[in-house]
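Next comes final-v4.cif, a file with mmCIF, C-alpha atoms and all ligand atoms.
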```cif
data_final
loop_
_atom_site.label_atom_id
_atom_site.label_comp_id
_atom_site.auth_asym_id
_atom_site.auth_seq_id
_atom_site.Cartn_x
_atom_site.Cartn_y
_atom_site.Cartn_z
CA MET T 684 56.37 71.03 82.42
CA THR T 685 52.68 70.40 81.78
CA ILE T 686 51.67 70.18 78.16
CA VAL T 687 48.08 71.06 77.40
CA GLU T 688 46.69 70.33 73.99
CA THR T 689 43.90 72.69 73.00
CA GLU T 690 41.66 73.22 70.00
CA ALA T 691 41.77 77.02 70.00
CA ASN T 692 41.46 78.21 66.46
CA THR T 693 38.07 78.59 64.87
CA ASP T 694 39.36 77.60 61.42
CA GLY T 695 39.98 74.08 62.64
CA ALA T 696 43.74 74.39 63.05
CA ARG T 697 45.16 72.54 66.04
CA ARG T 698 46.88 74.69 68.61
CA TYR T 699 49.25 73.13 71.10
CA GLY T 700 49.58 74.67 74.54
CA SER T 701 52.35 74.89 77.13
CA ALA T 702 52.46 75.85 80.83
CA ASP T 703 55.49 77.97 80.02
CA PRO T 704 54.13 81.38 78.91
CA GLU T 705 56.89 82.01 76.39
CA ARG T 706 56.48 78.60 74.82
CA ASP T 707 52.73 78.98 74.87
CA ALA T 708 53.02 82.26 72.97
CA LEU T 709 55.31 80.53 70.45
CA TYR T 710 52.73 77.74 70.04
CA ALA T 711 49.99 80.31 69.46
CA ASP T 712 52.04 81.95 66.70
CA ILE T 713 52.93 78.56 65.23
CA ALA T 714 49.24 77.68 65.02
CA GLN T 715 48.43 81.09 63.56
CA HIS T 716 50.68 80.28 60.62
CA HIS T 717 49.19 76.80 60.12
CA LEU T 718 52.21 75.01 61.50
CA GLN T 719 52.48 72.32 64.16
CA PRO T 720 55.37 71.26 66.43
CA LEU T 721 56.25 67.60 65.88
CA TRP T 722 57.91 67.43 69.30
CA GLU T 723 54.54 67.79 71.01
CA MET T 724 52.80 65.12 68.97
CA ARG T 725 52.03 61.72 70.43
CA GLY T 726 51.14 58.48 68.69
CA LEU T 727 52.35 59.44 65.23
CA LEU T 728 54.58 56.40 64.93
CA THR T 729 53.42 53.33 66.79
CA PRO T 730 55.25 50.00 67.17
CA THR T 731 52.38 48.26 65.37
CA PRO T 732 49.41 49.73 63.43
CA ARG T 733 47.00 51.77 65.55
CA VAL T 734 43.72 50.80 63.91
CA ALA T 735 40.41 52.62 64.38
CA SER T 736 38.28 49.96 62.67
CA LEU T 737 36.82 47.43 65.09
CA PRO T 738 36.20 43.73 64.56
CA PHE T 739 32.51 43.41 63.73
CA ARG T 740 29.96 41.02 62.26
CA TRP T 741 26.62 41.82 60.57
CA GLN T 742 24.04 39.04 60.73
CA ALA T 743 22.31 37.86 57.58
CA GLU T 744 18.81 38.02 59.03
CA HIS T 745 19.16 41.73 59.81
CA LEU T 746 20.72 42.52 56.44
CA ARG T 747 17.94 40.66 54.60
CA GLU T 748 15.11 42.18 56.61
CA LEU T 749 16.38 45.77 56.34
CA ALA T 750 17.25 45.44 52.64
CA SER T 751 13.80 44.04 51.94
CA ARG T 752 12.06 46.84 53.87
CA SER T 753 14.16 49.37 51.96
CA GLY T 754 12.84 47.69 48.80
CA ASP T 755 9.27 48.31 49.96
CA LEU T 756 9.85 51.96 50.83
CA VAL T 757 12.66 53.32 48.66
CA PRO T 758 12.57 53.46 44.85
CA ILE T 759 15.73 53.49 42.74
CA ASP T 760 16.04 56.91 41.14
CA ARG T 761 18.65 58.76 39.22
CA GLY T 762 20.91 60.42 41.72
CA GLY T 763 20.94 57.67 44.31
CA ASP T 764 21.15 55.09 41.52
CA ARG T 765 21.52 52.11 43.85
CA ARG T 766 19.53 50.66 46.76
CA VAL T 767 22.52 49.97 48.94
CA LEU T 768 22.99 49.62 52.70
CA ALA T 769 26.57 50.41 53.67
CA LEU T 770 28.14 48.39 56.47
CA SER T 771 29.44 51.10 58.77
CA ASN T 772 32.26 50.10 61.08
CA PRO T 773 31.41 51.19 64.66
CA GLY T 774 35.01 52.36 65.18
CA LEU T 775 34.98 54.86 62.30
CA GLY T 776 32.83 57.60 63.80
CA GLY T 777 29.87 57.19 61.46
CA ALA T 778 31.78 56.90 58.17
CA PRO T 779 29.95 54.61 55.70
CA TYR T 780 33.03 52.36 55.49
CA ILE T 781 33.51 48.82 56.78
CA SER T 782 37.19 49.62 57.36
CA SER T 783 39.49 52.57 56.72
CA THR T 784 40.22 51.21 53.23
CA LEU T 785 37.11 49.28 52.14
CA TRP T 786 33.47 49.96 51.41
CA ALA T 787 31.11 47.02 51.86
CA ALA T 788 27.36 46.97 51.42
CA VAL T 789 24.37 44.86 50.58
CA GLN T 790 22.48 45.82 47.47
CA PHE T 791 18.83 44.93 46.88
CA LEU T 792 17.05 44.88 43.52
CA LEU T 793 13.34 44.13 43.06
CA PRO T 794 11.84 42.23 40.11
CA GLY T 795 11.68 44.46 37.04
CA GLU T 796 14.04 47.05 38.46
CA LEU T 797 17.01 48.65 36.73
CA ALA T 798 19.94 50.24 38.54
CA PRO T 799 21.03 52.64 35.77
CA ALA T 800 24.43 52.76 34.03
CA HIS T 801 27.32 54.67 35.49
CA ARG T 802 31.04 54.37 36.01
CA HIS T 803 33.51 55.53 38.60
CA THR T 804 37.18 55.23 39.42
CA PRO T 805 36.63 53.17 42.59
CA ALA T 806 36.66 49.49 41.65
CA ALA T 807 33.83 47.23 42.80
CA LEU T 808 33.05 43.57 43.09
CA ARG T 809 29.88 41.65 43.83
CA PHE T 810 29.64 38.33 45.59
CA ILE T 811 26.20 36.76 45.34
CA LEU T 812 25.01 35.41 48.67
CA ASP T 813 21.46 34.54 47.70
CA GLY T 814 19.20 34.23 44.68
CA GLY T 815 20.01 34.89 41.08
CA GLY T 816 18.83 36.07 37.71
CA VAL T 817 19.97 39.67 37.86
CA TYR T 818 22.33 40.57 35.08
CA THR T 819 24.83 43.34 35.15
CA VAL T 820 26.10 44.92 31.94
CA LEU T 821 29.85 45.60 32.00
CA ASP T 822 30.94 47.95 29.24
CA GLY T 823 28.28 46.38 27.01
CA ASP T 824 28.87 42.75 28.07
CA PRO T 825 25.85 41.26 29.90
CA VAL T 826 26.82 39.03 32.85
CA VAL T 827 24.18 36.96 34.64
CA MET T 828 24.78 36.76 38.40
CA ASN T 829 23.87 33.70 40.46
CA ARG T 830 24.54 32.43 43.96
CA GLY T 831 28.25 32.03 44.69
CA ASP T 832 29.40 33.94 41.62
CA LEU T 833 32.05 36.64 41.90
CA VAL T 834 31.51 39.52 39.46
CA LEU T 835 34.03 42.32 38.95
CA THR T 836 33.24 45.93 38.11
CA PRO T 837 36.76 47.27 37.57
CA SER T 838 37.67 50.93 37.82
CA TRP T 839 36.00 53.11 35.16
CA THR T 840 33.88 50.37 33.56
CA PHE T 841 30.24 51.21 32.88
CA HIS T 842 27.84 49.00 34.81
CA GLU T 843 24.09 48.71 35.25
CA HIS T 844 22.02 46.03 36.97
CA HIS T 845 18.78 44.56 35.60
CA ASN T 846 16.38 42.24 37.37
CA PRO T 847 14.23 40.65 34.65
CA GLY T 848 13.05 37.79 36.89
CA ASN T 849 10.25 37.59 39.45
CA SER T 850 12.22 37.46 42.67
CA SER T 851 14.23 40.13 44.40
CA MET T 852 17.95 39.70 44.77
CA MET T 853 20.56 40.75 47.29
CA TRP T 854 24.31 40.66 47.01
CA LEU T 855 27.48 41.91 48.68
CA ASP T 856 29.22 44.90 47.10
CA VAL T 857 32.80 45.71 48.04
CA LEU T 858 34.65 48.75 46.72
CA ASP T 859 38.11 50.26 47.23
CA LEU T 860 36.34 53.63 47.57
CA PRO T 861 38.08 54.79 50.79
CA VAL T 862 41.49 54.22 49.16
CA VAL T 863 40.53 56.15 46.02
CA ALA T 864 38.97 58.90 48.16
CA ALA T 865 42.13 59.15 50.29
CA LEU T 866 44.13 59.57 47.08
CA ASP T 867 41.72 62.30 45.88
CA ALA T 868 41.13 60.35 42.69
CA ILE T 869 37.32 59.92 42.63
CA PHE T 870 35.70 60.47 39.24
CA PHE T 871 32.11 59.53 38.42
CA GLU T 872 29.83 59.80 35.41
CA GLU T 873 26.40 58.58 34.42
CA GLY T 874 25.92 56.38 31.36
CA ARG T 875 23.05 55.89 28.95
CA SER T 876 21.38 52.55 29.48
CA GLU T 877 19.38 52.66 26.24
CA GLU T 878 22.52 52.39 24.14
CA VAL T 879 23.56 49.15 25.78
CA ASP T 880 22.80 45.74 24.30
CA GLN T 881 20.08 44.41 26.60
CA SER T 882 20.24 40.81 25.37
CA VAL T 883 21.40 38.27 27.92
CA ALA T 884 23.70 35.50 26.76
CA PRO T 885 24.11 32.61 29.22
CA ARG T 886 27.87 33.22 29.15
CA SER T 887 29.36 36.67 28.95
CA ALA T 888 31.81 37.55 26.18
CA ALA T 889 34.51 37.75 28.89
CA GLU T 890 33.86 34.13 29.88
CA ARG T 891 33.78 32.89 26.31
CA ARG T 892 37.12 34.52 25.68
CA TYR T 893 38.95 34.09 29.00
CA GLY T 894 36.95 31.57 31.04
CA GLN T 895 37.87 28.39 29.18
CA GLY T 896 39.54 26.79 32.15
CA ALA T 897 42.85 26.48 33.90
CA GLY T 898 45.86 26.97 31.66
CA LEU T 899 43.93 27.91 28.52
CA ALA T 900 44.12 31.44 27.17
CA PRO T 901 43.68 32.95 23.72
CA VAL T 902 47.06 33.38 22.00
CA ASP T 903 46.43 37.00 21.05
CA ALA T 904 45.45 37.95 24.61
CA ARG T 905 48.40 40.27 25.28
CA GLU T 906 47.32 42.88 22.74
CA GLU T 907 44.17 43.95 24.51
CA LEU T 908 44.66 43.36 28.18
CA PRO T 909 43.16 45.87 30.62
CA ALA T 910 44.61 46.83 34.03
CA HIS T 911 42.29 44.26 35.65
CA SER T 912 41.50 40.60 34.98
CA PRO T 913 39.91 40.29 31.52
CA LEU T 914 37.69 37.61 33.05
CA THR T 915 35.03 39.59 34.91
CA VAL T 916 33.03 36.72 36.38
CA TYR T 917 34.08 33.62 38.35
CA ARG T 918 31.31 31.02 38.53
CA TRP T 919 30.42 29.14 41.68
CA ALA T 920 30.38 25.73 39.93
CA ALA T 921 34.07 26.12 39.07
CA THR T 922 34.99 27.55 42.49
CA ASP T 923 33.13 24.76 44.28
CA ALA T 924 34.71 22.01 42.16
CA ALA T 925 38.19 23.46 42.73
CA LEU T 926 37.61 23.70 46.50
CA SER T 927 36.35 20.11 46.66
CA ALA T 928 39.34 18.79 44.72
CA LEU T 929 41.79 20.79 46.81
CA ALA T 930 40.11 19.65 50.04
CA GLU T 931 40.62 16.01 48.99
CA THR T 932 44.37 16.60 49.02
CA SER T 933 44.40 18.49 52.31
CA THR T 934 45.56 17.03 55.62
CA THR T 935 44.45 20.07 57.62
CA GLY T 936 40.88 20.39 56.36
CA ASP T 937 41.46 24.08 55.69
CA VAL T 938 41.92 25.11 52.05
CA SER T 939 41.89 28.46 50.25
CA LEU T 940 41.74 29.44 46.59
CA ARG T 941 42.68 32.79 45.16
CA PHE T 942 40.72 34.29 42.26
CA ARG T 943 43.31 35.30 39.66
CA ASP T 944 43.75 37.03 36.37
CA PRO T 945 43.64 34.03 33.96
CA VAL T 946 46.45 35.31 31.73
CA ARG T 947 48.81 37.12 34.09
CA ASP T 948 50.30 36.47 37.49
CA ARG T 949 48.18 38.92 39.45
CA ASP T 950 45.06 39.53 41.49
CA VAL T 951 41.70 40.14 39.82
CA MET T 952 42.00 43.91 40.19
CA PRO T 953 44.88 46.28 41.06
CA THR T 954 43.40 47.12 44.47
CA LEU T 955 41.39 44.07 45.53
CA ARG T 956 42.32 40.46 46.28
CA CYS T 957 39.62 37.77 46.37
CA GLU T 958 39.80 34.35 47.97
CA MET T 959 37.45 31.50 48.86
CA ARG T 960 38.16 29.31 51.86
CA ARG T 961 36.64 25.95 52.85
CA VAL T 962 37.13 24.67 56.39
CA ARG T 963 36.04 21.14 57.25
CA ALA T 964 33.52 20.64 60.08
CA GLY T 965 35.25 20.49 63.46
CA VAL T 966 38.43 22.23 62.32
CA ALA T 967 39.91 25.27 64.10
CA THR T 968 42.24 27.19 61.82
CA PRO T 969 45.63 28.63 62.74
CA THR T 970 45.56 32.23 63.97
CA ASP T 971 46.63 34.69 61.29
CA ARG T 972 47.04 38.40 60.89
CA GLN T 973 47.95 40.66 57.99
CA THR T 974 48.32 44.33 57.21
CA GLY T 975 45.34 45.81 55.39
CA SER T 976 41.74 44.96 56.06
CA ARG T 977 39.62 42.01 55.02
CA VAL T 978 35.88 41.74 54.37
CA CYS T 979 34.53 38.22 54.74
CA ALA T 980 31.14 36.77 53.79
CA VAL T 981 29.93 33.40 54.99
CA PHE T 982 28.69 31.70 51.85
CA ASP T 983 27.61 28.54 53.62
CA GLY T 984 27.92 26.85 56.98
CA ARG T 985 28.12 27.64 60.66
CA GLY T 986 30.95 28.34 63.08
CA THR T 987 32.61 31.07 65.03
CA VAL T 988 35.31 33.62 64.29
CA ASP T 989 37.68 35.10 66.87
CA ILE T 990 39.05 38.52 65.97
CA ASP T 991 41.45 40.15 68.43
CA GLY T 992 39.87 38.34 71.36
CA GLU T 993 36.28 38.95 70.35
CA SER T 994 34.17 35.98 69.33
CA PHE T 995 31.28 36.11 66.84
CA THR T 996 28.94 33.31 65.81
CA LEU T 997 28.75 32.78 62.06
CA GLY T 998 25.92 31.59 59.84
CA SER T 999 25.22 31.65 56.11
CA GLY T 1000 25.03 35.19 54.77
CA ASP T 1001 26.80 36.83 57.71
CA ILE T 1002 29.44 39.43 56.85
CA PHE T 1003 32.40 40.34 59.05
CA VAL T 1004 35.45 42.59 58.95
CA ILE T 1005 39.00 41.79 60.05
CA PRO T 1006 40.82 45.08 60.71
CA SER T 1007 44.48 45.48 59.82
CA TRP T 1008 46.84 43.36 61.91
CA ALA T 1009 44.01 41.87 64.00
CA GLN T 1010 44.43 38.24 65.09
CA HIS T 1011 41.90 36.08 63.30
CA ARG T 1012 40.87 32.46 63.72
CA LEU T 1013 37.93 30.36 62.49
CA HIS T 1014 36.19 27.40 64.11
CA ALA T 1015 34.00 25.42 61.72
CA HIS T 1016 30.97 23.77 63.30
CA THR T 1017 29.73 22.55 59.93
CA GLN T 1018 31.73 22.81 56.72
CA LEU T 1019 32.37 26.54 56.39
CA ASP T 1020 32.74 28.29 53.01
CA ILE T 1021 33.96 31.88 53.34
CA PHE T 1022 34.53 34.49 50.66
CA THR T 1023 37.20 37.07 51.51
CA THR T 1024 38.27 40.23 49.76
CA SER T 1025 41.06 42.55 50.88
CA ASP T 1026 43.21 45.51 49.94
CA ALA T 1027 46.33 43.28 49.96
CA PRO T 1028 47.37 44.19 46.36
CA VAL T 1029 47.66 47.84 47.44
CA LEU T 1030 49.86 46.97 50.41
CA GLU T 1031 51.96 44.61 48.29
CA ALA T 1032 52.45 47.24 45.58
CA LEU T 1033 53.77 49.62 48.25
CA SER T 1034 55.89 46.95 50.02
CA LEU T 1035 53.75 47.36 53.15
CA TYR T 1036 52.25 43.88 53.22
CA ARG T 1037 53.08 41.80 56.29
CA SER T 1038 51.48 38.61 57.50
CA ALA T 1039 51.93 36.09 60.27
CA THR T 1040 50.39 32.74 61.08
CA GLU T 1041 50.62 30.90 64.39
CA ALA T 1042 49.69 27.29 64.80
CA ASN T 1043 47.31 26.85 67.72
CA THR T 1044 47.98 24.55 70.59
C1 LIG Y 1 28.03 51.42 43.07
O1 LIG Y 1 28.21 51.96 41.86
C2 LIG Y 1 27.37 50.21 43.20
O2 LIG Y 1 27.10 49.95 40.87
C3 LIG Y 1 27.19 49.67 44.44
O3 LIG Y 1 26.21 48.50 42.13
C4 LIG Y 1 27.64 50.30 45.56
C5 LIG Y 1 28.76 52.17 46.60
C6 LIG Y 1 29.39 53.37 46.49
C7 LIG Y 1 29.59 53.95 45.27
C8 LIG Y 1 29.15 53.33 44.12
C9 LIG Y 1 26.86 49.51 41.98
C10 LIG Y 1 28.29 51.52 45.45
C11 LIG Y 1 28.50 52.09 44.21
#
```

As structure tokens, the full file:
Amino acid sequence: MTIVETEANTDGARRYGSADPERDALYADIAQHHLQPLWEMRGLLTPTPRVASLPFRWQAEHLRELASRSGDLVPIDRGGDRRVLALSNPGLGGAPYISSTLWAAVQFLLPGELAPAHRHTPAALRFILDGGGVYTVLDGDPVVMNRGDLVLTPSWTFHEHHNPGNSSMMWLDVLDLPVVAALDAIFFEEGRSEEVDQSVAPRSAAERRYGQGAGLAPVDAREELPAHSPLTVYRWAATDAALSALAETSTTGDVSLRFRDPVRDRDVMPTLRCEMRRVRAGVATPTDRQTGSRVCAVFDGRGTVDIDGESFTLGSGDIFVIPSWAQHRLHAHTQLDIFTTSDAPVLEALSLYRSATEANT
């Protein structure tokens, strides 16, 4: 029997069709009552994830040029609030998402500009690819952002960005927004910037309290801990030193560090994992894959990345996406430093995380 799938109803309901007139009439009535027959559906359960997001890489020169032109032409006003270019995955039909679960964007702030205070339930992080001097105020705590720093804006924390210097600045923003949207849990509200302490300390209160170094934490920490890491900024100097030391002990020339909550055994935020990888010049990494998607930013160096058979050249400031379960491998031409963030904590919390690594021949 021939099965014809049709989109008959004007209210958007899907109506299945059949060559058998009696069955076809049944299917019409089924659709009328907003029901669907499972036995006609294809591709609901696949042996491995069927992923719409495509492997893709955005080149730094295009991101910089378009962000800078947006700076010339587009002011930051209430309403829009942020001068942000979303990286839109070509497999997602025009959605402003880099993958089905992650938002990624570059944000551009001119000298003297203020991106006003607000908060929302989607959690965000910033990784600074270039420049410095902008400070972000996190629930009243000013945090200066410089190249290589990782700055967290956890769910429902007020944040505003100030650029008091004389150069513009661009950074990578990643949010769990598609996850929160899929869960119908988006809340947003504007804040009042004038009530916030505008003074800029060289070290944020979060760093002075929780950023003392490996293995050191205040003894009364447990009483006040939030759902996210109480340390909201991870400085490049510390990340770089840790990568260098780790690389000295490595026989493979391929080392990774995970950014962690300094007082508990968990990722920096409930939905986002952050890691920094350093691959020695000339090294090709093993091929890996994992469930959930990854957003990667080349902090420094040159190389190539292979994602599910597609090869992309990589240079400093390039951003790429590894869709769920895609095969992924790096080749470092020079030393390659890569920042990666993923939704892995979400998959782990739901016991859906899987990963595999294959040594290459
Ligand atoms: C947001 O609040 C920021 O605060 C950046 O810098 C990007 C993308 C979507 C929704 C909110 C920011 C954002 C965002």

Legend entry - Residue with smallest distance to ligand LIG 1 (chain Y) - pool T:Ala798, T:Leu727, T:Ala708, T:Val988, counting only C-alpha atoms and all ligand atoms: T:Ala798

Inset, instruction - Step by step, measure atom-to-atom distances between ligand LIG 1 (chain Y) and each residue using all atoms listed in the file, keep those at most 10 Å, then write them as a count of residues only. - result: 44

Legend entry - Option closest in space to T:Pro1006, from T:Arg752, T:Phe942, T:Tyr917, T:Leu785 [counting all atoms listed in the file]: T:Leu785

Enclose all atoms of stretch 822-828 of chain T listed in the file in an axis-aligned box, grow every side by 8 Å, and hand back centre and edge lengths in Å to one decimal, as AutoDock Vina command-line options.
```
--center_x 27.6 --center_y 42.4 --center_z 32.7 --size_x 22.8 --size_y 27.2 --size_z 27.4
```

Legend entry - Selected residue of minimal separation from T:Ala930 among T:Tyr893, T:Asp971, T:Asp1020, T:Phe739, counting all atoms listed in the file: T:Asp1020

Legend entry - Selected residue of minimal separation from T:Gln1010 among T:Arg875, T:Arg972, T:Arg956, T:Arg891, counting all atoms listed in the file: T:Arg972

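Atom CA of T:Leu737 is positioned 23.8 Å from atom CA of T:Gly984.
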
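Our summary of the geometry notes that atom CA of T:Arg947 is positioned 9.8 Å from atom CA of T:Pro913.
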
Coordinate excerpt as a short mmCIF file (atom, residue, chain, number, x, y, z; two decimals), in the first residue's frame: stretch 697-707 of chain T, all heavy atoms:
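Final output, decode-v1.cif:
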```
data_model
loop_
_atom_site.label_atom_id
_atom_site.label_comp_id
_atom_site.auth_asym_id
_atom_site.auth_seq_id
_atom_site.Cartn_x
_atom_site.Cartn_y
_atom_site.Cartn_z
N ARG T 697 -0.48 17.98 11.25
CA ARG T 697 0.00 17.10 10.19
C ARG T 697 -1.03 16.00 9.94
O ARG T 697 -1.48 15.34 10.86
CB ARG T 697 1.34 16.51 10.58
CG ARG T 697 1.79 15.39 9.67
CD ARG T 697 3.25 15.16 9.77
NE ARG T 697 3.99 16.25 9.14
CZ ARG T 697 5.32 16.25 9.00
NH1 ARG T 697 6.03 15.28 9.48
NH2 ARG T 697 5.92 17.24 8.41
N ARG T 698 -1.35 15.84 8.65
CA ARG T 698 -2.34 14.83 8.29
C ARG T 698 -1.65 13.76 7.46
O ARG T 698 -0.99 14.04 6.47
CB ARG T 698 -3.46 15.48 7.48
CG ARG T 698 -4.62 14.56 7.10
CD ARG T 698 -4.75 14.54 5.58
NE ARG T 698 -6.04 14.06 5.15
CZ ARG T 698 -6.28 12.79 4.83
NH1 ARG T 698 -5.34 11.87 4.93
NH2 ARG T 698 -7.48 12.44 4.41
N TYR T 699 -1.72 12.54 7.92
CA TYR T 699 -1.16 11.42 7.17
C TYR T 699 -2.19 10.92 6.18
O TYR T 699 -3.39 11.03 6.41
CB TYR T 699 -0.73 10.30 8.12
CG TYR T 699 0.54 10.66 8.89
CD1 TYR T 699 0.49 11.50 9.99
CD2 TYR T 699 1.77 10.19 8.45
CE1 TYR T 699 1.64 11.85 10.66
CE2 TYR T 699 2.93 10.53 9.13
CZ TYR T 699 2.86 11.37 10.23
OH TYR T 699 4.00 11.71 10.88
N GLY T 700 -1.69 10.41 5.05
CA GLY T 700 -2.60 9.93 4.01
C GLY T 700 -2.37 8.44 3.73
O GLY T 700 -1.33 7.89 4.05
N SER T 701 -3.37 7.82 3.12
CA SER T 701 -3.24 6.41 2.75
C SER T 701 -3.94 6.19 1.41
O SER T 701 -4.94 6.86 1.10
CB SER T 701 -3.86 5.52 3.82
OG SER T 701 -3.95 4.19 3.34
N ALA T 702 -3.42 5.24 0.60
CA ALA T 702 -4.06 4.91 -0.68
C ALA T 702 -5.37 4.16 -0.46
O ALA T 702 -6.24 4.14 -1.33
CB ALA T 702 -3.10 4.08 -1.54
N ASP T 703 -5.48 3.55 0.71
CA ASP T 703 -6.73 2.86 1.04
C ASP T 703 -7.76 3.88 1.52
O ASP T 703 -7.52 4.58 2.50
CB ASP T 703 -6.45 1.82 2.13
CG ASP T 703 -7.74 1.20 2.65
OD1 ASP T 703 -8.47 0.63 1.84
OD2 ASP T 703 -8.01 1.35 3.86
N PRO T 704 -8.92 3.99 0.81
CA PRO T 704 -9.87 5.08 1.11
C PRO T 704 -10.37 5.05 2.56
O PRO T 704 -10.52 6.09 3.18
CB PRO T 704 -11.03 4.84 0.13
CG PRO T 704 -10.51 3.91 -0.91
CD PRO T 704 -9.38 3.15 -0.32
N GLU T 705 -10.60 3.84 3.07
CA GLU T 705 -11.11 3.76 4.45
C GLU T 705 -10.07 4.25 5.45
O GLU T 705 -10.37 4.98 6.39
CB GLU T 705 -11.50 2.31 4.76
CG GLU T 705 -13.01 2.11 4.82
CD GLU T 705 -13.38 0.72 5.25
OE1 GLU T 705 -13.02 -0.23 4.52
OE2 GLU T 705 -13.97 0.58 6.33
N ARG T 706 -8.84 3.79 5.23
CA ARG T 706 -7.74 4.25 6.09
C ARG T 706 -7.53 5.75 5.97
O ARG T 706 -7.28 6.44 6.95
CB ARG T 706 -6.44 3.55 5.69
CG ARG T 706 -6.14 2.34 6.52
CD ARG T 706 -4.64 2.22 6.55
NE ARG T 706 -4.26 0.85 6.82
CZ ARG T 706 -3.06 0.50 7.25
NH1 ARG T 706 -2.12 1.41 7.40
NH2 ARG T 706 -2.79 -0.75 7.49
N ASP T 707 -7.62 6.21 4.73
CA ASP T 707 -7.40 7.64 4.49
C ASP T 707 -8.45 8.47 5.24
O ASP T 707 -8.12 9.52 5.82
CB ASP T 707 -7.44 7.94 2.99
CG ASP T 707 -6.84 9.30 2.69
OD1 ASP T 707 -5.66 9.51 3.04
OD2 ASP T 707 -7.58 10.16 2.17
#
```
